[in-house]
Amino acid sequence: MKLGFGFYRHMLNEEHYRFARQCGCTHAVVHLVDYFNKGGTHTPTDQPVGDKHGWGQAGNPQKLWSVAELAAIKADLNRHGLEWAAVENFDPAHWHDILLDGPQRAAHVANVQTILRHLGQVGIPVMGYNFSIAGVAGRVKGAFARGGAEAVGMDGSVDDPIPNGMVWNMVYDSAAPAGTLAPITPDQLWDRLERFLRDVLPVAEEAGVTLALHPDDPPLPTVRGQPRLVYQPRFYQRLADLSPSPRNAMEFCVGTLAEMTEGDVYETLDRHSRAGRVAYVHLRNVRGKVPHYRETFIDDGDVDVRRVLHILRRNNFTGVVIPDHAPQMTCAAPWHAGMAFALGYLTAALAEVEAER
Ligand SMILES: [Mn+2]
């Protein structure tokens, strides 16, 4: 098992590479989508609340992540002692009509196939994705964590419909006609996922890249009037049943699983990690279940983090664990302190679990 760091786009620089390495990380999970691009009034840690603005503007639909761009980032990571383990999330600009079953679907399938080939050429083994129309919405922020540390949580669901031109909290068409996205059924959404996998898994296999699905965060049956896929643990089995390919895998988010109202996070993790379907793990802690929960410090919530690591170890999981998010601590560098605390805890817990070999 390896300890990883999740880099947002604006963190792809020497300062953050060194910080991650100093925290004990050997691997990198990289977000190439620039979510937080609204400018001055918006801070990088802001959570989308379900309004018409979301996180911000999607990227350039004509510009896919190139081999040269990926290779340059990889070289930078390697120079700082980090291996590139995964890319996390497609840009809505490149694949919105796969999610929406829109007129550009065929072109967007070709985009994803190209991106997977580029990852394969550069040697990035995993592509994490979130097959979600509404994405994250309705989270609140406050002094929720131990000692009044700032953390995110949820206080009830969000049903405001999604404006046209927006998907997954990003605006891909600012000139879209007024109005909102029509609701679809859960089966329609599962059908879109199944067709997506049928179209891109053969390319993923050829390229040597594993597709890893993040569960729906927050895990509610509907958000903003749109259905969700994996909002209970049992729906991860439905994903696995769509294709037996080992390239059809999971970005297993322990915090999101713990927020679900049914099932058991340990049993679910045990089953899918034993089957080799867990590509990498988001490991954070939480107290409560949707639609009322609070993120907590890693040692302080409902999840027994050591038990999670023991299950992974017993099932010979050799992939990457990253802390996902962490509460921000009261000091001059709130985000850094929160991440360093989570990573310090995980460093010790991983060493303890691995010593039992
Ligand atoms: Mn997560």
# chains A, B, ... in the order shown; residues from 1 in each chain; ligands from 1
call {"tool": "residues_near_ligand", "arguments": {"ligand": "ligand 1", "cutoff": "6 Å", "atoms": "only C-alpha atoms and all ligand atoms", "output": "CSV table (one decimal) with N, CA and C atoms, in the first residue's frame"}}
result
chain,number,residue,atom,x,y,z
A,253,CYS,N,-14.2,5.6,-2.2
A,253,CYS,CA,-14.2,6.8,-1.2
A,253,CYS,C,-14.8,6.3,0.1
A,282,HIS,N,-9.9,6.8,-1.4
A,282,HIS,CA,-10.0,8.1,-0.7
A,282,HIS,C,-10.3,7.7,0.8
A,324,ASP,N,-8.1,12.4,0.7
A,324,ASP,CA,-9.3,13.1,0.2
A,324,ASP,C,-9.3,14.5,0.8
call {"tool": "residues_around", "arguments": {"residues": "Leu242 (chain A)", "least_positions_apart": "4", "cutoff": "10 Å", "atoms": "only C-alpha atoms", "output": "mmCIF file with N, CA and C atoms, in the first residue's frame"}}
result
data_model
loop_
_atom_site.group_PDB
_atom_site.id
_atom_site.type_symbol
_atom_site.label_atom_id
_atom_site.label_comp_id
_atom_site.auth_asym_id
_atom_site.auth_seq_id
_atom_site.Cartn_x
_atom_site.Cartn_y
_atom_site.Cartn_z
ATOM 1 N N TRP A 190 -28.075 4.638 -15.585
ATOM 2 C CA TRP A 190 -27.284 3.397 -15.612
ATOM 3 C C TRP A 190 -27.004 2.973 -17.056
ATOM 4 N N LEU A 193 -24.124 4.927 -18.336
ATOM 5 C CA LEU A 193 -22.849 4.411 -17.809
ATOM 6 C C LEU A 193 -22.463 3.128 -18.535
ATOM 7 N N GLU A 194 -23.434 2.247 -18.726
ATOM 8 C CA GLU A 194 -23.140 0.964 -19.375
ATOM 9 C C GLU A 194 -22.628 1.186 -20.806
ATOM 10 N N ARG A 195 -23.279 2.089 -21.535
ATOM 11 C CA ARG A 195 -22.831 2.367 -22.913
ATOM 12 C C ARG A 195 -21.452 3.008 -22.914
ATOM 13 N N LEU A 197 -19.058 2.526 -20.713
ATOM 14 C CA LEU A 197 -18.057 1.493 -20.443
ATOM 15 C C LEU A 197 -17.858 0.594 -21.664
ATOM 16 N N ARG A 198 -18.962 0.263 -22.333
ATOM 17 C CA ARG A 198 -18.852 -0.589 -23.526
ATOM 18 C C ARG A 198 -17.993 0.109 -24.589
ATOM 19 N N GLN A 237 -21.710 -3.055 -6.551
ATOM 20 C CA GLN A 237 -21.792 -4.380 -7.175
ATOM 21 C C GLN A 237 -22.416 -4.269 -8.566
ATOM 22 N N ARG A 238 -23.407 -3.391 -8.699
ATOM 23 C CA ARG A 238 -24.033 -3.209 -10.017
ATOM 24 C C ARG A 238 -23.006 -2.694 -11.032
ATOM 25 N N ASN A 248 -12.399 -2.173 -15.236
ATOM 26 C CA ASN A 248 -13.637 -1.581 -14.712
ATOM 27 C C ASN A 248 -13.562 -1.645 -13.192
#
call {"tool": "residues_around", "arguments": {"residues": "Pro227 (chain A)", "least_positions_apart": "5", "cutoff": "7 Å", "atoms": "only C-alpha atoms", "output": "PyMOL selection string"}}
result
chain A and resi 184-186+221-222
call {"tool": "write_last_selection", "arguments": {"atoms": "C-alpha atoms", "output": "PDB file, in the first residue's frame"}}
result
ATOM      1  CA  ILE A 184     -34.197  11.382 -16.137  1.00  0.00           C
ATOM      2  CA  THR A 185     -34.775   7.998 -14.509  1.00  0.00           C
ATOM      3  CA  PRO A 186     -32.109   6.009 -12.638  1.00  0.00           C
ATOM      4  CA  PRO A 221     -30.875   9.001  -4.508  1.00  0.00           C
ATOM      5  CA  THR A 222     -31.388  12.353  -6.251  1.00  0.00           C
TER       6      THR A 222
END
call {"tool": "residues_around", "arguments": {"residues": "Phe235 (chain A)", "least_positions_apart": "4", "cutoff": "12 Å", "atoms": "only C-alpha atoms", "output": "MDAnalysis selection string"}}
result
chainID A and resid 186 190 213:216 219 221 228:231 239:242 250 257 260 262:263 268 272
call {"tool": "write_last_selection", "arguments": {"atoms": "N, CA and C atoms", "output": "JSON list (two decimals), in the first residue's frame"}}
result
[["chain", "number", "residue", "atom", "x", "y", "z"],
["A", 186, "PRO", "N", -33.36, 6.70, -13.00],
["A", 186, "PRO", "CA", -32.11, 6.01, -12.64],
["A", 186, "PRO", "C", -31.68, 5.01, -13.73],
["A", 190, "TRP", "N", -28.07, 4.64, -15.58],
["A", 190, "TRP", "CA", -27.28, 3.40, -15.61],
["A", 190, "TRP", "C", -27.00, 2.97, -17.06],
["A", 213, "LEU", "N", -14.36, 4.36, -10.73],
["A", 213, "LEU", "CA", -15.55, 5.19, -10.47],
["A", 213, "LEU", "C", -15.64, 5.62, -9.00],
["A", 214, "HIS", "N", -15.73, 6.94, -8.81],
["A", 214, "HIS", "CA", -16.01, 7.49, -7.47],
["A", 214, "HIS", "C", -17.50, 7.35, -7.20],
["A", 215, "PRO", "N", -17.89, 6.99, -5.97],
["A", 215, "PRO", "CA", -19.33, 6.95, -5.65],
["A", 215, "PRO", "C", -19.90, 8.37, -5.65],
["A", 216, "ASP", "N", -21.23, 8.48, -5.62],
["A", 216, "ASP", "CA", -21.86, 9.80, -5.65],
["A", 216, "ASP", "C", -21.71, 10.51, -4.31],
["A", 219, "PRO", "N", -24.05, 11.08, -1.16],
["A", 219, "PRO", "CA", -24.75, 9.88, -1.65],
["A", 219, "PRO", "C", -26.25, 9.88, -1.33],
["A", 221, "PRO", "N", -30.27, 9.58, -3.29],
["A", 221, "PRO", "CA", -30.87, 9.00, -4.51],
["A", 221, "PRO", "C", -31.05, 10.03, -5.62],
["A", 228, "ARG", "N", -28.84, 9.49, -9.09],
["A", 228, "ARG", "CA", -27.44, 9.18, -8.79],
["A", 228, "ARG", "C", -27.21, 7.69, -9.06],
["A", 229, "LEU", "N", -25.98, 7.29, -9.19],
["A", 229, "LEU", "CA", -25.66, 5.88, -9.44],
["A", 229, "LEU", "C", -25.30, 5.16, -8.14],
["A", 230, "VAL", "N", -24.08, 5.38, -7.65],
["A", 230, "VAL", "CA", -23.64, 4.64, -6.45],
["A", 230, "VAL", "C", -23.90, 5.51, -5.22],
["A", 231, "TYR", "N", -25.14, 5.44, -4.70],
["A", 231, "TYR", "CA", -25.49, 6.19, -3.49],
["A", 231, "TYR", "C", -25.80, 5.26, -2.32],
["A", 239, "LEU", "N", -22.12, -1.79, -10.58],
["A", 239, "LEU", "CA", -21.04, -1.33, -11.46],
["A", 239, "LEU", "C", -20.15, -2.51, -11.85],
["A", 240, "ALA", "N", -19.72, -3.31, -10.86],
["A", 240, "ALA", "CA", -18.83, -4.45, -11.13],
["A", 240, "ALA", "C", -19.48, -5.41, -12.12],
["A", 241, "ASP", "N", -20.80, -5.58, -11.99],
["A", 241, "ASP", "CA", -21.51, -6.53, -12.85],
["A", 241, "ASP", "C", -21.65, -6.02, -14.29],
["A", 242, "LEU", "N", -21.40, -4.74, -14.52],
["A", 242, "LEU", "CA", -21.52, -4.22, -15.89],
["A", 242, "LEU", "C", -20.43, -4.78, -16.80],
["A", 250, "MET", "N", -12.96, 0.69, -9.13],
["A", 250, "MET", "CA", -13.53, 1.67, -8.21],
["A", 250, "MET", "C", -12.48, 2.61, -7.65],
["A", 257, "LEU", "N", -18.81, 6.34, 1.31],
["A", 257, "LEU", "CA", -19.49, 5.09, 1.68],
["A", 257, "LEU", "C", -20.03, 5.16, 3.11],
["A", 260, "MET", "N", -23.40, 6.81, 3.57],
["A", 260, "MET", "CA", -24.58, 6.15, 3.00],
["A", 260, "MET", "C", -25.46, 5.57, 4.11],
["A", 262, "GLU", "N", -27.42, 2.86, 4.08],
["A", 262, "GLU", "CA", -27.55, 1.40, 4.17],
["A", 262, "GLU", "C", -26.17, 0.76, 4.09],
["A", 263, "GLY", "N", -26.15, -0.56, 4.35],
["A", 263, "GLY", "CA", -24.95, -1.34, 4.08],
["A", 263, "GLY", "C", -23.85, -1.09, 5.09],
["A", 268, "THR", "N", -18.26, -3.90, 2.27],
["A", 268, "THR", "CA", -18.19, -3.48, 0.86],
["A", 268, "THR", "C", -16.73, -3.38, 0.40],
["A", 272, "HIS", "N", -14.91, -5.90, -2.51],
["A", 272, "HIS", "CA", -14.38, -5.40, -3.78],
["A", 272, "HIS", "C", -12.85, -5.35, -3.80]]
call {"tool": "residues_around", "arguments": {"residues": "Ala93 (chain A)", "least_positions_apart": "3", "cutoff": "12 Å", "atoms": "only C-alpha atoms", "output": "PyMOL selection string"}}
result
chain A and resi 33-35+56-65+89-90+96-99+104-105+107-108+111-112+165-174
call {"tool": "write_last_selection", "arguments": {"atoms": "N, CA and C atoms", "output": "compact mmCIF listing (two decimals), in the first residue's frame"}}
result
# COMPACT_ATOMS: atom_id res chain seq x y z
N VAL A 33 -8.64 19.02 -14.14
CA VAL A 33 -9.72 19.98 -14.36
C VAL A 33 -9.51 21.14 -13.40
N ASP A 34 -9.60 22.36 -13.94
CA ASP A 34 -9.44 23.53 -13.09
C ASP A 34 -10.82 23.92 -12.55
N TYR A 35 -11.21 23.33 -11.40
CA TYR A 35 -12.57 23.56 -10.90
C TYR A 35 -12.79 24.98 -10.43
N GLY A 56 -17.33 26.66 -11.54
CA GLY A 56 -16.79 27.59 -12.52
C GLY A 56 -16.95 27.05 -13.92
N GLN A 57 -16.10 27.54 -14.78
CA GLN A 57 -16.20 27.27 -16.21
C GLN A 57 -15.43 25.98 -16.55
N ALA A 58 -16.03 25.14 -17.37
CA ALA A 58 -15.32 23.96 -17.86
C ALA A 58 -14.17 24.40 -18.76
N GLY A 59 -13.29 23.47 -19.11
CA GLY A 59 -12.09 23.79 -19.88
C GLY A 59 -12.38 24.02 -21.35
N ASN A 60 -11.33 23.96 -22.15
CA ASN A 60 -11.43 24.19 -23.59
C ASN A 60 -11.83 22.88 -24.28
N PRO A 61 -13.03 22.88 -24.92
CA PRO A 61 -13.50 21.62 -25.53
C PRO A 61 -12.60 21.14 -26.67
N GLN A 62 -11.83 22.04 -27.26
CA GLN A 62 -10.96 21.66 -28.38
C GLN A 62 -9.61 21.13 -27.92
N LYS A 63 -9.33 21.28 -26.64
CA LYS A 63 -7.97 20.99 -26.19
C LYS A 63 -7.97 19.84 -25.19
N LEU A 64 -7.63 18.65 -25.67
CA LEU A 64 -7.52 17.49 -24.78
C LEU A 64 -6.15 17.53 -24.11
N TRP A 65 -6.03 16.86 -22.96
CA TRP A 65 -4.73 16.78 -22.30
C TRP A 65 -3.77 16.02 -23.22
N ASN A 89 -10.86 12.65 -12.50
CA ASN A 89 -11.99 13.37 -13.12
C ASN A 89 -11.73 13.89 -14.54
N PHE A 90 -12.69 13.60 -15.39
CA PHE A 90 -12.71 14.18 -16.73
C PHE A 90 -13.22 15.62 -16.65
N HIS A 96 -19.26 16.11 -21.62
CA HIS A 96 -20.59 16.40 -21.07
C HIS A 96 -21.71 15.64 -21.77
N ASP A 97 -21.54 15.39 -23.08
CA ASP A 97 -22.64 14.72 -23.78
C ASP A 97 -22.63 13.20 -23.59
N ILE A 98 -21.60 12.67 -22.92
CA ILE A 98 -21.68 11.27 -22.46
C ILE A 98 -22.59 11.23 -21.22
N LEU A 99 -22.39 12.17 -20.31
CA LEU A 99 -23.25 12.24 -19.12
C LEU A 99 -24.70 12.57 -19.49
N GLN A 104 -23.42 15.52 -29.07
CA GLN A 104 -21.98 15.34 -29.32
C GLN A 104 -21.43 14.06 -28.67
N ARG A 105 -22.33 13.14 -28.30
CA ARG A 105 -21.87 11.96 -27.56
C ARG A 105 -20.74 11.21 -28.28
N ALA A 107 -18.53 12.19 -30.45
CA ALA A 107 -17.27 12.94 -30.40
C ALA A 107 -16.67 12.87 -28.99
N HIS A 108 -17.52 12.88 -27.99
CA HIS A 108 -17.02 12.85 -26.62
C HIS A 108 -16.49 11.46 -26.23
N ASN A 111 -13.15 11.56 -27.56
CA ASN A 111 -12.28 12.35 -26.66
C ASN A 111 -11.75 11.48 -25.52
N VAL A 112 -12.66 10.74 -24.88
CA VAL A 112 -12.24 9.91 -23.74
C VAL A 112 -11.27 8.83 -24.21
N GLY A 165 -26.73 24.06 -19.82
CA GLY A 165 -25.35 24.48 -20.06
C GLY A 165 -24.42 24.14 -18.91
N MET A 166 -24.98 23.52 -17.86
CA MET A 166 -24.14 23.15 -16.72
C MET A 166 -24.28 21.65 -16.46
N VAL A 167 -23.16 21.01 -16.13
CA VAL A 167 -23.21 19.63 -15.65
C VAL A 167 -22.07 19.47 -14.66
N TRP A 168 -22.34 18.66 -13.61
CA TRP A 168 -21.28 18.37 -12.63
C TRP A 168 -20.67 19.67 -12.09
N ASN A 169 -21.55 20.64 -11.86
CA ASN A 169 -21.15 21.91 -11.26
C ASN A 169 -20.24 22.77 -12.11
N MET A 170 -20.16 22.47 -13.40
CA MET A 170 -19.34 23.33 -14.24
C MET A 170 -20.13 23.75 -15.46
N VAL A 171 -19.92 25.01 -15.86
CA VAL A 171 -20.62 25.57 -17.00
C VAL A 171 -19.84 25.22 -18.26
N TYR A 172 -20.43 24.42 -19.14
CA TYR A 172 -19.73 24.07 -20.38
C TYR A 172 -20.27 24.88 -21.56
N ASP A 173 -21.45 25.53 -21.38
CA ASP A 173 -22.02 26.35 -22.46
C ASP A 173 -22.71 27.56 -21.84
N SER A 174 -21.99 28.68 -21.79
CA SER A 174 -22.55 29.86 -21.12
C SER A 174 -23.61 30.53 -21.98
call {"tool": "residues_around", "arguments": {"residues": "region 5-10 of chain A", "least_positions_apart": "6", "cutoff": "9 Å", "atoms": "only C-alpha atoms", "output": "list in words"}}
result
His16, Tyr17, Ala20, Arg21, Cys25, Thr26, His27, Ala28, Val29, Val30, His31, Leu32, Val33, Asp34, Tyr35, Phe36, Pro44, Glu88, Val321, Ile322, Pro323, Asp324, His325 and Leu343 of chain A
call {"tool": "write_last_selection", "arguments": {"atoms": "C-alpha atoms", "output": "PDB file, in the first residue's frame"}}
result
ATOM      1  CA  HIS A  16       3.137  21.517  -3.239  1.00  0.00           C
ATOM      2  CA  TYR A  17       5.271  18.661  -4.571  1.00  0.00           C
ATOM      3  CA  ALA A  20       3.517  16.254  -0.247  1.00  0.00           C
ATOM      4  CA  ARG A  21       6.886  14.516  -0.157  1.00  0.00           C
ATOM      5  CA  CYS A  25       3.703  10.736   0.220  1.00  0.00           C
ATOM      6  CA  THR A  26       5.310   8.732  -2.569  1.00  0.00           C
ATOM      7  CA  HIS A  27       2.439   8.891  -5.084  1.00  0.00           C
ATOM      8  CA  ALA A  28       0.300  11.536  -6.746  1.00  0.00           C
ATOM      9  CA  VAL A  29      -3.340  11.673  -7.767  1.00  0.00           C
ATOM     10  CA  VAL A  30      -3.770  14.678 -10.039  1.00  0.00           C
ATOM     11  CA  HIS A  31      -6.875  16.698 -10.873  1.00  0.00           C
ATOM     12  CA  LEU A  32      -6.339  18.236 -14.313  1.00  0.00           C
ATOM     13  CA  VAL A  33      -9.724  19.976 -14.362  1.00  0.00           C
ATOM     14  CA  ASP A  34      -9.444  23.531 -13.087  1.00  0.00           C
ATOM     15  CA  TYR A  35     -12.568  23.560 -10.897  1.00  0.00           C
ATOM     16  CA  PHE A  36     -12.001  26.742  -8.990  1.00  0.00           C
ATOM     17  CA  PRO A  44      -9.947  27.261  -3.882  1.00  0.00           C
ATOM     18  CA  GLU A  88      -8.933  12.214 -11.140  1.00  0.00           C
ATOM     19  CA  VAL A 321      -4.476   5.655  -0.379  1.00  0.00           C
ATOM     20  CA  ILE A 322      -5.012   9.438  -0.298  1.00  0.00           C
ATOM     21  CA  PRO A 323      -6.608  11.501   2.477  1.00  0.00           C
ATOM     22  CA  ASP A 324      -9.278  13.072   0.205  1.00  0.00           C
ATOM     23  CA  HIS A 325     -10.126  16.180   2.290  1.00  0.00           C
ATOM     24  CA  LEU A 343      -0.977  12.313   6.411  1.00  0.00           C
TER      25      LEU A 343
END
call {"tool": "closest_residue", "arguments": {"among": "A:Gly319, A:Glu354, A:Asp155, A:Asn130", "to": "Gly142 (chain A)", "atoms": "only C-alpha atoms"}}
result
A:Asp155
call {"tool": "decode", "arguments": {"residues": "region 320-351 of chain A", "atoms": "N, CA and C atoms", "output": "CSV table (one decimal), in the first residue's frame"}}
result
chain,number,residue,atom,x,y,z
A,320,VAL,N,-2.9,2.9,-4.0
A,320,VAL,CA,-2.6,4.2,-3.3
A,320,VAL,C,-3.8,4.6,-2.5
A,321,VAL,N,-3.5,5.1,-1.3
A,321,VAL,CA,-4.5,5.7,-0.4
A,321,VAL,C,-4.2,7.1,-0.3
A,322,ILE,N,-5.2,8.0,-0.5
A,322,ILE,CA,-5.0,9.4,-0.3
A,322,ILE,C,-6.0,9.9,0.7
A,323,PRO,N,-5.7,11.0,1.4
A,323,PRO,CA,-6.6,11.5,2.5
A,323,PRO,C,-7.9,12.2,2.0
A,324,ASP,N,-8.1,12.4,0.7
A,324,ASP,CA,-9.3,13.1,0.2
A,324,ASP,C,-9.3,14.5,0.8
A,325,HIS,N,-10.2,14.8,1.7
A,325,HIS,CA,-10.1,16.2,2.3
A,325,HIS,C,-9.9,16.0,3.8
A,326,ALA,N,-9.6,17.2,4.4
A,326,ALA,CA,-9.4,17.2,5.9
A,326,ALA,C,-9.9,18.5,6.4
A,327,PRO,N,-10.3,18.5,7.7
A,327,PRO,CA,-10.6,19.8,8.3
A,327,PRO,C,-9.5,20.7,8.3
A,328,GLN,N,-9.8,22.0,8.3
A,328,GLN,CA,-8.7,23.0,8.3
A,328,GLN,C,-8.5,23.5,9.8
A,329,MET,N,-7.2,23.6,10.1
A,329,MET,CA,-6.8,23.9,11.5
A,329,MET,C,-6.6,25.3,11.8
A,330,THR,N,-6.8,25.8,13.0
A,330,THR,CA,-6.7,27.2,13.4
A,330,THR,C,-5.2,27.6,13.5
A,331,CYS,N,-4.6,28.1,12.5
A,331,CYS,CA,-3.2,28.5,12.5
A,331,CYS,C,-3.0,29.3,11.2
A,332,ALA,N,-1.7,29.6,11.0
A,332,ALA,CA,-1.3,30.5,9.8
A,332,ALA,C,-1.5,29.7,8.5
A,333,ALA,N,-1.5,28.4,8.5
A,333,ALA,CA,-1.7,27.6,7.3
A,333,ALA,C,-2.7,26.5,7.5
A,334,PRO,N,-4.0,26.9,7.6
A,334,PRO,CA,-5.0,26.0,8.0
A,334,PRO,C,-5.1,24.7,7.1
A,335,TRP,N,-5.1,24.9,5.8
A,335,TRP,CA,-5.2,23.7,4.9
A,335,TRP,C,-4.0,22.8,5.0
A,336,HIS,N,-2.8,23.4,5.1
A,336,HIS,CA,-1.5,22.6,5.2
A,336,HIS,C,-1.5,21.8,6.5
A,337,ALA,N,-1.9,22.5,7.6
A,337,ALA,CA,-1.9,21.8,8.8
A,337,ALA,C,-2.9,20.6,8.8
A,338,GLY,N,-4.0,20.8,8.3
A,338,GLY,CA,-5.0,19.8,8.2
A,338,GLY,C,-4.5,18.6,7.4
A,339,MET,N,-3.9,18.9,6.3
A,339,MET,CA,-3.4,17.8,5.4
A,339,MET,C,-2.2,17.1,6.1
A,340,ALA,N,-1.4,17.8,6.7
A,340,ALA,CA,-0.2,17.2,7.4
A,340,ALA,C,-0.6,16.3,8.5
A,341,PHE,N,-1.7,16.8,9.3
A,341,PHE,CA,-2.2,15.9,10.4
A,341,PHE,C,-2.7,14.6,9.8
A,342,ALA,N,-3.5,14.7,8.8
A,342,ALA,CA,-4.1,13.5,8.2
A,342,ALA,C,-3.0,12.5,7.7
A,343,LEU,N,-2.0,13.1,7.0
A,343,LEU,CA,-1.0,12.3,6.4
A,343,LEU,C,0.0,11.7,7.5
A,344,GLY,N,0.2,12.5,8.5
A,344,GLY,CA,1.0,12.0,9.6
A,344,GLY,C,0.3,10.7,10.3
A,345,TYR,N,-1.0,10.9,10.5
A,345,TYR,CA,-1.8,9.8,11.1
A,345,TYR,C,-1.7,8.6,10.1
A,346,LEU,N,-1.9,8.8,8.8
A,346,LEU,CA,-1.9,7.7,7.9
A,346,LEU,C,-0.5,7.0,7.8
A,347,THR,N,0.5,7.9,7.8
A,347,THR,CA,1.9,7.3,7.7
A,347,THR,C,2.1,6.3,8.9
A,348,ALA,N,1.7,6.7,10.1
A,348,ALA,CA,1.9,5.8,11.2
A,348,ALA,C,1.0,4.5,11.1
A,349,ALA,N,-0.3,4.8,10.7
A,349,ALA,CA,-1.2,3.6,10.7
A,349,ALA,C,-0.8,2.6,9.6
A,350,LEU,N,-0.3,3.2,8.4
A,350,LEU,CA,0.1,2.3,7.3
A,350,LEU,C,1.4,1.5,7.8
A,351,ALA,N,2.3,2.1,8.5
A,351,ALA,CA,3.5,1.4,8.9
A,351,ALA,C,3.1,0.3,9.9
